[in-house]
file model-v7.pdb (PDB, C-alpha atoms, pLDDT in the B column)
MODEL        1
ATOM      1  CA  MET A   1       0.000   0.000   0.000  1.00 94.00           C
ATOM      2  CA  SER A   2       1.348   3.448  -0.944  1.00 95.00           C
ATOM      3  CA  CYS A   3       0.854   6.686   1.003  1.00 96.00           C
ATOM      4  CA  ARG A   4      -1.702   7.756  -1.625  1.00 97.00           C
ATOM      5  CA  GLU A   5      -3.677   4.536  -1.195  1.00 97.00           C
ATOM      6  CA  LEU A   6      -3.515   4.836   2.578  1.00 97.00           C
ATOM      7  CA  ILE A   7      -4.850   8.388   2.624  1.00 97.00           C
ATOM      8  CA  ALA A   8      -7.644   7.416   0.221  1.00 96.00           C
ATOM      9  CA  VAL A   9      -9.083   4.893   2.712  1.00 97.00           C
ATOM     10  CA  LEU A  10      -8.396   6.837   5.911  1.00 96.00           C
ATOM     11  CA  ASP A  11     -12.068   7.531   6.671  1.00 96.00           C
ATOM     12  CA  ASP A  12     -13.008   3.872   6.296  1.00 95.00           C
ATOM     13  CA  TYR A  13     -10.113   2.970   8.591  1.00 97.00           C
ATOM     14  CA  LEU A  14     -11.180   5.471  11.245  1.00 95.00           C
ATOM     15  CA  GLU A  15     -14.832   4.403  10.955  1.00 93.00           C
ATOM     16  CA  GLY A  16     -13.781   0.773  11.366  1.00 95.00           C
ATOM     17  CA  THR A  17     -15.345  -0.202   8.041  1.00 94.00           C
ATOM     18  CA  LEU A  18     -12.157  -1.098   6.182  1.00 96.00           C
ATOM     19  CA  ALA A  19     -11.887  -4.739   5.116  1.00 96.00           C
ATOM     20  CA  ALA A  20      -9.617  -6.771   7.401  1.00 97.00           C
ATOM     21  CA  ASP A  21      -6.922  -7.445   4.777  1.00 97.00           C
ATOM     22  CA  LEU A  22      -6.727  -3.768   3.819  1.00 97.00           C
ATOM     23  CA  ARG A  23      -6.607  -2.771   7.474  1.00 97.00           C
ATOM     24  CA  ARG A  24      -3.634  -5.072   8.054  1.00 97.00           C
ATOM     25  CA  GLU A  25      -1.874  -3.635   4.995  1.00 97.00           C
ATOM     26  CA  LEU A  26      -2.578  -0.102   6.191  1.00 98.00           C
ATOM     27  CA  GLU A  27      -1.238  -0.816   9.663  1.00 97.00           C
ATOM     28  CA  ARG A  28       1.905  -2.411   8.192  1.00 97.00           C
ATOM     29  CA  HIS A  29       2.438   0.735   6.133  1.00 97.00           C
ATOM     30  CA  LEU A  30       1.870   2.950   9.172  1.00 97.00           C
ATOM     31  CA  ALA A  31       4.465   1.029  11.188  1.00 97.00           C
ATOM     32  CA  GLU A  32       7.087   1.849   8.563  1.00 96.00           C
ATOM     33  CA  CYS A  33       6.042   5.345   7.454  1.00 96.00           C
ATOM     34  CA  PRO A  34       6.461   8.255   9.922  1.00 96.00           C
ATOM     35  CA  PRO A  35       4.867  10.808   7.525  1.00 96.00           C
ATOM     36  CA  CYS A  36       1.697   8.681   7.280  1.00 97.00           C
ATOM     37  CA  ARG A  37       1.615   8.307  11.070  1.00 98.00           C
ATOM     38  CA  ALA A  38       1.778  12.109  11.369  1.00 97.00           C
ATOM     39  CA  TYR A  39      -0.901  12.414   8.673  1.00 97.00           C
ATOM     40  CA  LEU A  40      -3.256  10.020  10.468  1.00 98.00           C
ATOM     41  CA  ALA A  41      -2.756  11.728  13.848  1.00 98.00           C
ATOM     42  CA  THR A  42      -3.368  15.222  12.483  1.00 97.00           C
ATOM     43  CA  TYR A  43      -6.287  14.086  10.284  1.00 97.00           C
ATOM     44  CA  ARG A  44      -8.009  12.523  13.294  1.00 97.00           C
ATOM     45  CA  ARG A  45      -7.316  15.602  15.423  1.00 97.00           C
ATOM     46  CA  THR A  46      -8.652  17.870  12.664  1.00 96.00           C
ATOM     47  CA  ARG A  47     -12.023  16.095  12.853  1.00 95.00           C
ATOM     48  CA  GLU A  48     -12.149  16.496  16.620  1.00 95.00           C
ATOM     49  CA  VAL A  49     -11.138  20.124  16.729  1.00 95.00           C
ATOM     50  CA  ALA A  50     -13.419  21.202  13.865  1.00 93.00           C
ATOM     51  CA  ALA A  51     -16.347  19.546  15.622  1.00 92.00           C
ATOM     52  CA  ALA A  52     -15.450  21.192  18.937  1.00 93.00           C
ATOM     53  CA  ALA A  53     -15.177  24.623  17.299  1.00 91.00           C
ATOM     54  CA  ALA A  54     -18.606  24.297  15.678  1.00 87.00           C
ATOM     55  CA  ASN A  55     -20.333  23.179  18.856  1.00 85.00           C
ATOM     56  CA  VAL A  56     -21.889  26.549  19.636  1.00 89.00           C
ATOM     57  CA  VAL A  57     -24.841  27.439  21.841  1.00 88.00           C
ATOM     58  CA  VAL A  58     -27.902  29.350  20.707  1.00 90.00           C
ATOM     59  CA  PRO A  59     -27.816  32.993  21.860  1.00 91.00           C
ATOM     60  CA  GLU A  60     -30.401  33.659  24.582  1.00 90.00           C
ATOM     61  CA  GLU A  61     -31.776  36.599  22.631  1.00 91.00           C
ATOM     62  CA  LEU A  62     -32.516  34.326  19.663  1.00 91.00           C
ATOM     63  CA  LYS A  63     -34.255  31.791  21.914  1.00 89.00           C
ATOM     64  CA  ALA A  64     -36.480  34.578  23.269  1.00 90.00           C
ATOM     65  CA  ARG A  65     -37.283  35.706  19.720  1.00 88.00           C
ATOM     66  CA  LEU A  66     -38.218  32.133  18.764  1.00 87.00           C
ATOM     67  CA  ARG A  67     -40.504  31.815  21.775  1.00 86.00           C
ATOM     68  CA  ARG A  68     -42.261  35.035  20.731  1.00 86.00           C
ATOM     69  CA  LEU A  69     -42.460  33.829  17.135  1.00 80.00           C
ATOM     70  CA  LEU A  70     -43.965  30.479  18.129  1.00 76.00           C
ATOM     71  CA  GLY A  71     -46.364  32.168  20.574  1.00 76.00           C
ATOM     72  CA  VAL A  72     -47.632  34.580  17.915  1.00 65.00           C
ATOM     73  CA  SER A  73     -47.980  31.834  15.308  1.00 59.00           C
ATOM     74  CA  ARG A  74     -49.919  29.581  17.672  1.00 58.00           C
ATOM     75  CA  ALA A  75     -52.128  32.430  18.845  1.00 55.00           C
ATOM     76  CA  GLY A  76     -52.804  33.418  15.207  1.00 49.00           C
TER
ATOM     77  CA  MET B   1     -37.985  23.735  20.840  1.00 68.00           C
ATOM     78  CA  SER B   2     -34.593  24.232  22.478  1.00 72.00           C
ATOM     79  CA  ARG B   3     -33.093  21.007  21.058  1.00 78.00           C
ATOM     80  CA  HIS B   4     -34.231  21.810  17.519  1.00 85.00           C
ATOM     81  CA  ALA B   5     -33.058  25.406  17.857  1.00 89.00           C
ATOM     82  CA  SER B   6     -29.585  24.223  18.874  1.00 90.00           C
ATOM     83  CA  ARG B   7     -29.337  21.835  15.925  1.00 92.00           C
ATOM     84  CA  VAL B   8     -30.564  24.391  13.428  1.00 94.00           C
ATOM     85  CA  TYR B   9     -28.294  27.130  14.784  1.00 95.00           C
ATOM     86  CA  ARG B  10     -25.174  24.910  14.794  1.00 95.00           C
ATOM     87  CA  VAL B  11     -25.758  23.753  11.227  1.00 96.00           C
ATOM     88  CA  ALA B  12     -26.692  27.238   9.986  1.00 97.00           C
ATOM     89  CA  LEU B  13     -23.661  28.870  11.598  1.00 96.00           C
ATOM     90  CA  GLY B  14     -21.403  26.069  10.392  1.00 95.00           C
ATOM     91  CA  ILE B  15     -22.499  26.672   6.798  1.00 95.00           C
ATOM     92  CA  THR B  16     -23.036  30.440   6.686  1.00 95.00           C
ATOM     93  CA  ARG B  17     -20.167  31.376   9.064  1.00 93.00           C
ATOM     94  CA  SER B  18     -22.172  34.438  10.091  1.00 93.00           C
ATOM     95  CA  SER B  19     -24.177  34.686  13.308  1.00 94.00           C
ATOM     96  CA  ALA B  20     -26.569  37.206  11.736  1.00 94.00           C
ATOM     97  CA  ASP B  21     -27.254  34.879   8.776  1.00 95.00           C
ATOM     98  CA  ALA B  22     -27.534  31.873  11.089  1.00 96.00           C
ATOM     99  CA  GLU B  23     -30.149  33.657  13.206  1.00 95.00           C
ATOM    100  CA  GLU B  24     -32.188  34.443  10.093  1.00 95.00           C
ATOM    101  CA  VAL B  25     -31.953  30.807   9.008  1.00 96.00           C
ATOM    102  CA  VAL B  26     -33.212  29.644  12.426  1.00 95.00           C
ATOM    103  CA  GLN B  27     -36.210  31.960  12.196  1.00 93.00           C
ATOM    104  CA  ASP B  28     -37.011  30.885   8.614  1.00 93.00           C
ATOM    105  CA  VAL B  29     -36.809  27.219   9.557  1.00 93.00           C
ATOM    106  CA  PHE B  30     -38.997  27.652  12.640  1.00 89.00           C
ATOM    107  CA  LEU B  31     -41.607  29.532  10.631  1.00 88.00           C
ATOM    108  CA  GLN B  32     -41.683  26.630   8.210  1.00 87.00           C
ATOM    109  CA  ILE B  33     -42.031  24.148  11.097  1.00 81.00           C
ATOM    110  CA  VAL B  34     -45.010  26.138  12.400  1.00 79.00           C
ATOM    111  CA  HIS B  35     -46.620  26.305   8.965  1.00 79.00           C
ATOM    112  CA  LYS B  36     -46.132  22.597   8.391  1.00 73.00           C
ATOM    113  CA  GLY B  37     -47.792  21.955  11.746  1.00 64.00           C
ATOM    114  CA  ALA B  38     -48.802  18.350  12.300  1.00 53.00           C
ATOM    115  CA  GLY B  39     -47.760  17.339   8.799  1.00 58.00           C
ATOM    116  CA  PHE B  40     -44.952  15.151  10.053  1.00 58.00           C
ATOM    117  CA  GLU B  41     -45.287  11.418  10.448  1.00 55.00           C
ATOM    118  CA  GLY B  42     -43.185  11.387  13.599  1.00 60.00           C
ATOM    119  CA  ARG B  43     -40.160  12.738  15.410  1.00 61.00           C
ATOM    120  CA  ALA B  44     -37.718  10.984  13.075  1.00 60.00           C
ATOM    121  CA  ALA B  45     -39.381  12.564  10.034  1.00 68.00           C
ATOM    122  CA  LEU B  46     -39.216  15.978  11.675  1.00 73.00           C
ATOM    123  CA  GLY B  47     -35.530  15.493  12.567  1.00 79.00           C
ATOM    124  CA  SER B  48     -34.403  14.624   9.046  1.00 84.00           C
ATOM    125  CA  TRP B  49     -36.650  17.307   7.551  1.00 87.00           C
ATOM    126  CA  ILE B  50     -35.070  19.914   9.842  1.00 90.00           C
ATOM    127  CA  TYR B  51     -31.566  19.030   8.691  1.00 94.00           C
ATOM    128  CA  ARG B  52     -32.637  19.104   5.047  1.00 94.00           C
ATOM    129  CA  ILE B  53     -34.428  22.432   5.230  1.00 94.00           C
ATOM    130  CA  THR B  54     -31.709  24.032   7.379  1.00 96.00           C
ATOM    131  CA  THR B  55     -29.022  22.971   4.919  1.00 96.00           C
ATOM    132  CA  ASN B  56     -31.024  24.320   1.964  1.00 95.00           C
ATOM    133  CA  VAL B  57     -31.868  27.636   3.592  1.00 95.00           C
ATOM    134  CA  SER B  58     -28.261  28.094   4.771  1.00 96.00           C
ATOM    135  CA  LEU B  59     -26.777  27.340   1.357  1.00 94.00           C
ATOM    136  CA  ASN B  60     -29.283  29.704  -0.269  1.00 92.00           C
ATOM    137  CA  LYS B  61     -28.305  32.389   2.204  1.00 90.00           C
ATOM    138  CA  ARG B  62     -24.679  31.995   1.134  1.00 84.00           C
ATOM    139  CA  ARG B  63     -25.467  32.231  -2.556  1.00 81.00           C
ATOM    140  CA  GLY B  64     -23.711  35.229  -4.042  1.00 70.00           C
ATOM    141  CA  LYS B  65     -21.740  35.784  -0.850  1.00 72.00           C
ATOM    142  CA  ARG B  66     -18.729  33.629  -1.579  1.00 64.00           C
ATOM    143  CA  ARG B  67     -15.899  35.082   0.372  1.00 61.00           C
ATOM    144  CA  GLU B  68     -12.579  36.292  -0.895  1.00 55.00           C
ATOM    145  CA  LEU B  69     -10.902  33.900   1.489  1.00 56.00           C
ATOM    146  CA  GLU B  70     -12.370  30.846  -0.174  1.00 58.00           C
ATOM    147  CA  THR B  71      -9.624  29.062  -2.083  1.00 64.00           C
ATOM    148  CA  SER B  72      -9.458  26.254  -4.563  1.00 78.00           C
ATOM    149  CA  LEU B  73      -9.640  22.973  -2.738  1.00 85.00           C
ATOM    150  CA  GLU B  74      -7.150  21.411  -5.129  1.00 86.00           C
ATOM    151  CA  ASP B  75      -4.391  23.565  -3.624  1.00 86.00           C
ATOM    152  CA  LEU B  76      -5.157  22.100  -0.207  1.00 89.00           C
ATOM    153  CA  LEU B  77      -5.107  18.409  -1.043  1.00 92.00           C
ATOM    154  CA  PRO B  78      -2.024  16.200  -0.631  1.00 91.00           C
ATOM    155  CA  ARG B  79       0.243  15.945  -3.649  1.00 92.00           C
ATOM    156  CA  TYR B  80       1.964  12.706  -4.564  1.00 94.00           C
ATOM    157  CA  LYS B  81       5.045  11.525  -6.409  1.00 93.00           C
ATOM    158  CA  ALA B  82       4.725   8.961  -9.199  1.00 93.00           C
ATOM    159  CA  ASP B  83       5.464   6.142  -6.721  1.00 93.00           C
ATOM    160  CA  GLY B  84       2.549   7.152  -4.463  1.00 93.00           C
ATOM    161  CA  HIS B  85       4.636   8.799  -1.726  1.00 92.00           C
ATOM    162  CA  ARG B  86       3.577  12.236  -0.615  1.00 92.00           C
ATOM    163  CA  GLU B  87       5.401  15.164  -2.103  1.00 92.00           C
ATOM    164  CA  GLY B  88       6.790  17.926   0.069  1.00 90.00           C
ATOM    165  CA  ASP B  89       9.427  19.023   2.508  1.00 91.00           C
ATOM    166  CA  ARG B  90      10.304  16.247   4.976  1.00 92.00           C
ATOM    167  CA  ALA B  91       9.813  18.488   8.033  1.00 92.00           C
ATOM    168  CA  PHE B  92       6.315  19.390   6.787  1.00 92.00           C
ATOM    169  CA  LEU B  93       5.441  15.756   6.097  1.00 94.00           C
ATOM    170  CA  LEU B  94       6.437  14.880   9.659  1.00 95.00           C
ATOM    171  CA  ALA B  95       4.773  17.879  11.310  1.00 95.00           C
ATOM    172  CA  ASP B  96       2.451  16.615  14.025  1.00 96.00           C
ATOM    173  CA  TRP B  97       0.452  19.106  16.093  1.00 96.00           C
ATOM    174  CA  SER B  98      -2.106  16.504  17.205  1.00 96.00           C
ATOM    175  CA  SER B  99      -0.976  16.550  20.836  1.00 95.00           C
ATOM    176  CA  MET B 100      -1.945  20.219  21.209  1.00 94.00           C
ATOM    177  CA  PRO B 101      -4.743  20.286  23.799  1.00 94.00           C
ATOM    178  CA  ASP B 102      -8.200  21.689  23.012  1.00 93.00           C
ATOM    179  CA  ARG B 103      -7.689  24.658  25.322  1.00 92.00           C
ATOM    180  CA  GLU B 104      -4.698  25.684  23.184  1.00 93.00           C
ATOM    181  CA  LEU B 105      -6.213  24.822  19.792  1.00 92.00           C
ATOM    182  CA  LEU B 106      -9.550  26.457  20.482  1.00 93.00           C
ATOM    183  CA  ALA B 107      -8.238  29.767  21.780  1.00 93.00           C
ATOM    184  CA  GLY B 108      -6.255  32.773  20.612  1.00 93.00           C
ATOM    185  CA  GLU B 109      -4.178  32.573  17.441  1.00 93.00           C
ATOM    186  CA  SER B 110      -4.822  28.847  16.898  1.00 93.00           C
ATOM    187  CA  ARG B 111      -8.573  29.445  17.043  1.00 94.00           C
ATOM    188  CA  ARG B 112      -8.232  32.220  14.474  1.00 95.00           C
ATOM    189  CA  ILE B 113      -6.263  29.895  12.187  1.00 94.00           C
ATOM    190  CA  LEU B 114      -8.927  27.217  12.575  1.00 94.00           C
ATOM    191  CA  GLU B 115     -11.774  29.642  11.815  1.00 94.00           C
ATOM    192  CA  GLU B 116      -9.958  30.933   8.717  1.00 93.00           C
ATOM    193  CA  ALA B 117      -9.361  27.376   7.548  1.00 93.00           C
ATOM    194  CA  LEU B 118     -13.104  26.660   7.889  1.00 93.00           C
ATOM    195  CA  ASP B 119     -13.916  29.904   6.032  1.00 91.00           C
ATOM    196  CA  ARG B 120     -11.771  28.787   3.114  1.00 91.00           C
ATOM    197  CA  LEU B 121     -13.781  25.613   2.526  1.00 92.00           C
ATOM    198  CA  PRO B 122     -16.485  25.826  -0.130  1.00 91.00           C
ATOM    199  CA  ASP B 123     -20.012  25.960   1.364  1.00 92.00           C
ATOM    200  CA  HIS B 124     -21.059  22.468   0.256  1.00 92.00           C
ATOM    201  CA  TYR B 125     -17.975  21.012   1.896  1.00 94.00           C
ATOM    202  CA  ARG B 126     -18.630  22.807   5.166  1.00 94.00           C
ATOM    203  CA  ALA B 127     -22.222  21.545   5.026  1.00 96.00           C
ATOM    204  CA  VAL B 128     -21.224  17.865   4.999  1.00 97.00           C
ATOM    205  CA  LEU B 129     -18.519  18.508   7.592  1.00 95.00           C
ATOM    206  CA  VAL B 130     -20.924  20.044  10.084  1.00 95.00           C
ATOM    207  CA  LEU B 131     -23.657  17.448   9.472  1.00 96.00           C
ATOM    208  CA  LYS B 132     -21.264  14.516   9.872  1.00 95.00           C
ATOM    209  CA  ASP B 133     -18.681  15.650  12.421  1.00 93.00           C
ATOM    210  CA  VAL B 134     -20.758  17.995  14.588  1.00 92.00           C
ATOM    211  CA  GLU B 135     -24.270  16.541  14.292  1.00 93.00           C
ATOM    212  CA  GLU B 136     -22.860  13.023  13.976  1.00 93.00           C
ATOM    213  CA  LEU B 137     -25.353  11.985  11.279  1.00 95.00           C
ATOM    214  CA  SER B 138     -24.692   8.826   9.287  1.00 94.00           C
ATOM    215  CA  SER B 139     -23.458   9.222   5.711  1.00 94.00           C
ATOM    216  CA  GLU B 140     -26.930   8.188   4.534  1.00 94.00           C
ATOM    217  CA  GLU B 141     -28.578  10.898   6.652  1.00 95.00           C
ATOM    218  CA  VAL B 142     -26.096  13.513   5.415  1.00 96.00           C
ATOM    219  CA  ALA B 143     -26.797  12.427   1.830  1.00 96.00           C
ATOM    220  CA  GLU B 144     -30.519  12.925   2.424  1.00 94.00           C
ATOM    221  CA  ALA B 145     -29.964  16.353   3.976  1.00 95.00           C
ATOM    222  CA  VAL B 146     -27.789  17.666   1.145  1.00 95.00           C
ATOM    223  CA  GLY B 147     -29.708  15.848  -1.625  1.00 94.00           C
ATOM    224  CA  ASP B 148     -26.714  13.955  -2.947  1.00 94.00           C
ATOM    225  CA  SER B 149     -25.499  10.361  -3.147  1.00 97.00           C
ATOM    226  CA  VAL B 150     -23.751   8.658  -0.225  1.00 97.00           C
ATOM    227  CA  ALA B 151     -20.644   8.207  -2.383  1.00 97.00           C
ATOM    228  CA  ALA B 152     -20.547  11.930  -3.219  1.00 97.00           C
ATOM    229  CA  VAL B 153     -20.972  12.811   0.458  1.00 97.00           C
ATOM    230  CA  LYS B 154     -18.097  10.530   1.506  1.00 96.00           C
ATOM    231  CA  THR B 155     -15.804  11.983  -1.153  1.00 96.00           C
ATOM    232  CA  ARG B 156     -16.666  15.553  -0.227  1.00 95.00           C
ATOM    233  CA  LEU B 157     -16.217  14.868   3.466  1.00 96.00           C
ATOM    234  CA  HIS B 158     -12.788  13.322   2.946  1.00 97.00           C
ATOM    235  CA  ARG B 159     -11.674  16.237   0.780  1.00 96.00           C
ATOM    236  CA  ALA B 160     -12.992  18.754   3.328  1.00 96.00           C
ATOM    237  CA  ARG B 161     -11.114  17.068   6.180  1.00 97.00           C
ATOM    238  CA  MET B 162      -7.926  16.807   4.114  1.00 97.00           C
ATOM    239  CA  ALA B 163      -8.129  20.476   3.124  1.00 96.00           C
ATOM    240  CA  LEU B 164      -8.700  21.511   6.704  1.00 96.00           C
ATOM    241  CA  ARG B 165      -5.856  19.331   7.964  1.00 97.00           C
ATOM    242  CA  GLU B 166      -3.535  20.753   5.334  1.00 95.00           C
ATOM    243  CA  GLN B 167      -4.253  24.326   6.343  1.00 94.00           C
ATOM    244  CA  LEU B 168      -3.877  23.606  10.052  1.00 96.00           C
ATOM    245  CA  THR B 169      -0.609  21.761   9.481  1.00 96.00           C
ATOM    246  CA  ARG B 170       0.805  24.572   7.334  1.00 94.00           C
ATOM    247  CA  ARG B 171       0.168  27.062  10.088  1.00 92.00           C
ATOM    248  CA  LEU B 172       0.322  25.078  13.321  1.00 90.00           C
ATOM    249  CA  GLY B 173       2.764  22.370  12.353  1.00 81.00           C
ATOM    250  CA  ALA B 174       5.938  24.405  11.987  1.00 64.00           C
ATOM    251  CA  GLY B 175       8.483  23.328  14.567  1.00 54.00           C
ATOM    252  CA  ARG B 176       6.346  20.517  15.981  1.00 57.00           C
TER
ENDMDL
END

call {"tool": "encode", "arguments": {"input": "model-v7.pdb", "output": "structure tokens"}}
result
Amino acid sequence: MSCRELIAVLDDYLEGTLAADLRRELERHLAECPPCRAYLATYRRTREVAAAAANVVVPEELKARLRRLLGVSRAG
Amino acid sequence: MSRHASRVYRVALGITRSSADAEEVVQDVFLQIVHKGAGFEGRAALGSWIYRITTNVSLNKRRGKRRELETSLEDLLPRYKADGHREGDRAFLLADWSSMPDRELLAGESRRILEEALDRLPDHYRAVLVLKDVEELSSEEVAEAVGDSVAAVKTRLHRARMALREQLTRRLGAGR
């Protein structure tokens, strides 16, 4: 497996959906390839940090506006 | 109401990257929920409908507002040599910032770098990223929300993550 082939199946590997033989090949490649190990670690961390950054809370003012909106619509 | 509002706001902000636009999207979506009334077959139908309508309204809101920052994704994908090895400076290929803790990555200069990297992604790529990685929908559910095939969603998601990783590594990875 080349670095290109490894990166192409990275999501399947991380999701645990990669076929067993491919997974073994990928892990063999990882054991011998420091750049791919760095790629995997930073790719995985990218997913985590992007998700954490986007996990925002609704502003209270907007919630109040929605309550008014729903109240008016129901009353109407 | 609160749970739906949180979902809609997260997705809308993730796609539009503007709190003012995201707030408008939330209001539009809630008005549509009210107008649809009891027309849903159940909670599951409402949930998937909310993601679909929020994605559509958010993408429409972004139409014509493509930012200067947005760059070609091709420039942010890994490049390879003929033998399949990655191309690039050895120090860059080995750069590993993954041990940086959240409190460091999500604050100050690193946070700014992350936000800029997200801004640079095309809207449709940010849409699948937020639906999959933040809302934790399955690929099938994301495909339904964006109106595309599962294969197209998986490809777009992989390219979005690679492009984001590339940008973060270029700016955070030096010296690590």

call {"tool": "resolve_selection", "arguments": {"input": "model-v7.pdb", "expression": "the ChimeraX specification (/A :<6) & /B", "output": "PyMOL selection string"}}
result
chain B and resi 6+84-85+93-94+96+98+133-134+165

call {"tool": "closest_residue", "arguments": {"input": "model-v7.pdb", "among": "B:Ala20, B:Ala117, B:Ile53, B:Leu13", "to": "Gln32 in chain B", "atoms": "all atoms listed in the file"}}
result
B:Ile53

call {"tool": "atom_distance", "arguments": {"input": "model-v7.pdb", "atom1": "CA of Glu135 in chain B", "atom2": "CA of Leu59 in chain B"}}
result
17.0 Å

call {"tool": "residues_around", "arguments": {"input": "model-v7.pdb", "residues": "Tyr9 in chain B", "least_positions_apart": "6", "cutoff": "7 Å", "atoms": "all atoms listed in the file", "output": "compact mmCIF listing (two decimals) with C-alpha atoms, keeping the file's coordinate frame"}}
result
# COMPACT_ATOMS: atom_id res chain seq x y z
CA VAL A 58 -27.90 29.35 20.71
CA ALA B 22 -27.53 31.87 11.09
CA GLU B 23 -30.15 33.66 13.21
CA VAL B 26 -33.21 29.64 12.43

call {"tool": "axis_aligned_box", "arguments": {"input": "model-v7.pdb", "around": "range 13-16 of chain A", "padding_each_side": "5 Å", "output": "JSON"}}
result
{"center_x": -12.5, "center_y": 3.1, "center_z": 10.0, "size_x": 14.7, "size_y": 14.7, "size_z": 12.8}

call {"tool": "atom_distance", "arguments": {"input": "model-v7.pdb", "atom1": "CA of Leu31 in chain B", "atom2": "CA of Leu129 in chain B"}}
result
25.8 Å

call {"tool": "residues_near_point", "arguments": {"input": "model-v7.pdb", "point": "(-26.5, 13.5, 8.5)", "cutoff": "12 Å", "atoms": "only C-alpha atoms", "output": "PyMOL selection string"}}
result
chain B and resi 7+11+47-52+54-55+127-148+150+153-154+157

call {"tool": "resolve_selection", "arguments": {"input": "model-v7.pdb", "expression": "the PyMOL selection byres ((chain B and resi 123) around 12)", "output": "MDAnalysis selection string"}}
result
chainID B and resid 11:17 55:56 58:67 70:71 73 118:122 124:130 146 156:157 160

call {"tool": "atom_distance", "arguments": {"input": "model-v7.pdb", "atom1": "CA of Asp83 in chain B", "atom2": "CA of Thr155 in chain B"}}
result
22.7 Å

call {"tool": "resolve_selection", "arguments": {"input": "model-v7.pdb", "expression": "the PyMOL selection byres ((chain B and resi 105-110) around 9)", "output": "list in words"}}
result
Val49, Ala52 and Ala53 of chain A; Met100, Pro101, Asp102, Arg103, Glu104, Arg111, Arg112, Ile113, Leu114, Glu115, Leu168, Arg171 and Leu172 of chain B

call {"tool": "write_last_selection", "arguments": {"input": "model-v7.pdb", "atoms": "C-alpha atoms", "output": "CSV table (one decimal), in the coordinates of the input"}}
result
chain,number,residue,atom,x,y,z
A,49,VAL,CA,-11.1,20.1,16.7
A,52,ALA,CA,-15.4,21.2,18.9
A,53,ALA,CA,-15.2,24.6,17.3
B,100,MET,CA,-1.9,20.2,21.2
B,101,PRO,CA,-4.7,20.3,23.8
B,102,ASP,CA,-8.2,21.7,23.0
B,103,ARG,CA,-7.7,24.7,25.3
B,104,GLU,CA,-4.7,25.7,23.2
B,111,ARG,CA,-8.6,29.4,17.0
B,112,ARG,CA,-8.2,32.2,14.5
B,113,ILE,CA,-6.3,29.9,12.2
B,114,LEU,CA,-8.9,27.2,12.6
B,115,GLU,CA,-11.8,29.6,11.8
B,168,LEU,CA,-3.9,23.6,10.1
B,171,ARG,CA,0.2,27.1,10.1
B,172,LEU,CA,0.3,25.1,13.3

call {"tool": "decode", "arguments": {"input": "model-v7.pdb", "residues": "range 75-100 of chain B", "atoms": "C-alpha atoms", "output": "PDB file, in the first residue's frame"}}
result
ATOM      1  CA  ASP B  75      -4.391  23.565  -3.624  1.00  0.00           C
ATOM      2  CA  LEU B  76      -5.157  22.100  -0.207  1.00  0.00           C
ATOM      3  CA  LEU B  77      -5.107  18.409  -1.043  1.00  0.00           C
ATOM      4  CA  PRO B  78      -2.024  16.200  -0.631  1.00  0.00           C
ATOM      5  CA  ARG B  79       0.243  15.945  -3.649  1.00  0.00           C
ATOM      6  CA  TYR B  80       1.964  12.706  -4.564  1.00  0.00           C
ATOM      7  CA  LYS B  81       5.045  11.525  -6.409  1.00  0.00           C
ATOM      8  CA  ALA B  82       4.725   8.961  -9.199  1.00  0.00           C
ATOM      9  CA  ASP B  83       5.464   6.142  -6.721  1.00  0.00           C
ATOM     10  CA  GLY B  84       2.549   7.152  -4.463  1.00  0.00           C
ATOM     11  CA  HIS B  85       4.636   8.799  -1.726  1.00  0.00           C
ATOM     12  CA  ARG B  86       3.577  12.236  -0.615  1.00  0.00           C
ATOM     13  CA  GLU B  87       5.401  15.164  -2.103  1.00  0.00           C
ATOM     14  CA  GLY B  88       6.790  17.926   0.069  1.00  0.00           C
ATOM     15  CA  ASP B  89       9.427  19.023   2.508  1.00  0.00           C
ATOM     16  CA  ARG B  90      10.304  16.247   4.976  1.00  0.00           C
ATOM     17  CA  ALA B  91       9.813  18.488   8.033  1.00  0.00           C
ATOM     18  CA  PHE B  92       6.315  19.390   6.787  1.00  0.00           C
ATOM     19  CA  LEU B  93       5.441  15.756   6.097  1.00  0.00           C
ATOM     20  CA  LEU B  94       6.437  14.880   9.659  1.00  0.00           C
ATOM     21  CA  ALA B  95       4.773  17.879  11.310  1.00  0.00           C
ATOM     22  CA  ASP B  96       2.451  16.615  14.025  1.00  0.00           C
ATOM     23  CA  TRP B  97       0.452  19.106  16.093  1.00  0.00           C
ATOM     24  CA  SER B  98      -2.106  16.504  17.205  1.00  0.00           C
ATOM     25  CA  SER B  99      -0.976  16.550  20.836  1.00  0.00           C
ATOM     26  CA  MET B 100      -1.945  20.219  21.209  1.00  0.00           C
TER      27      MET B 100
END
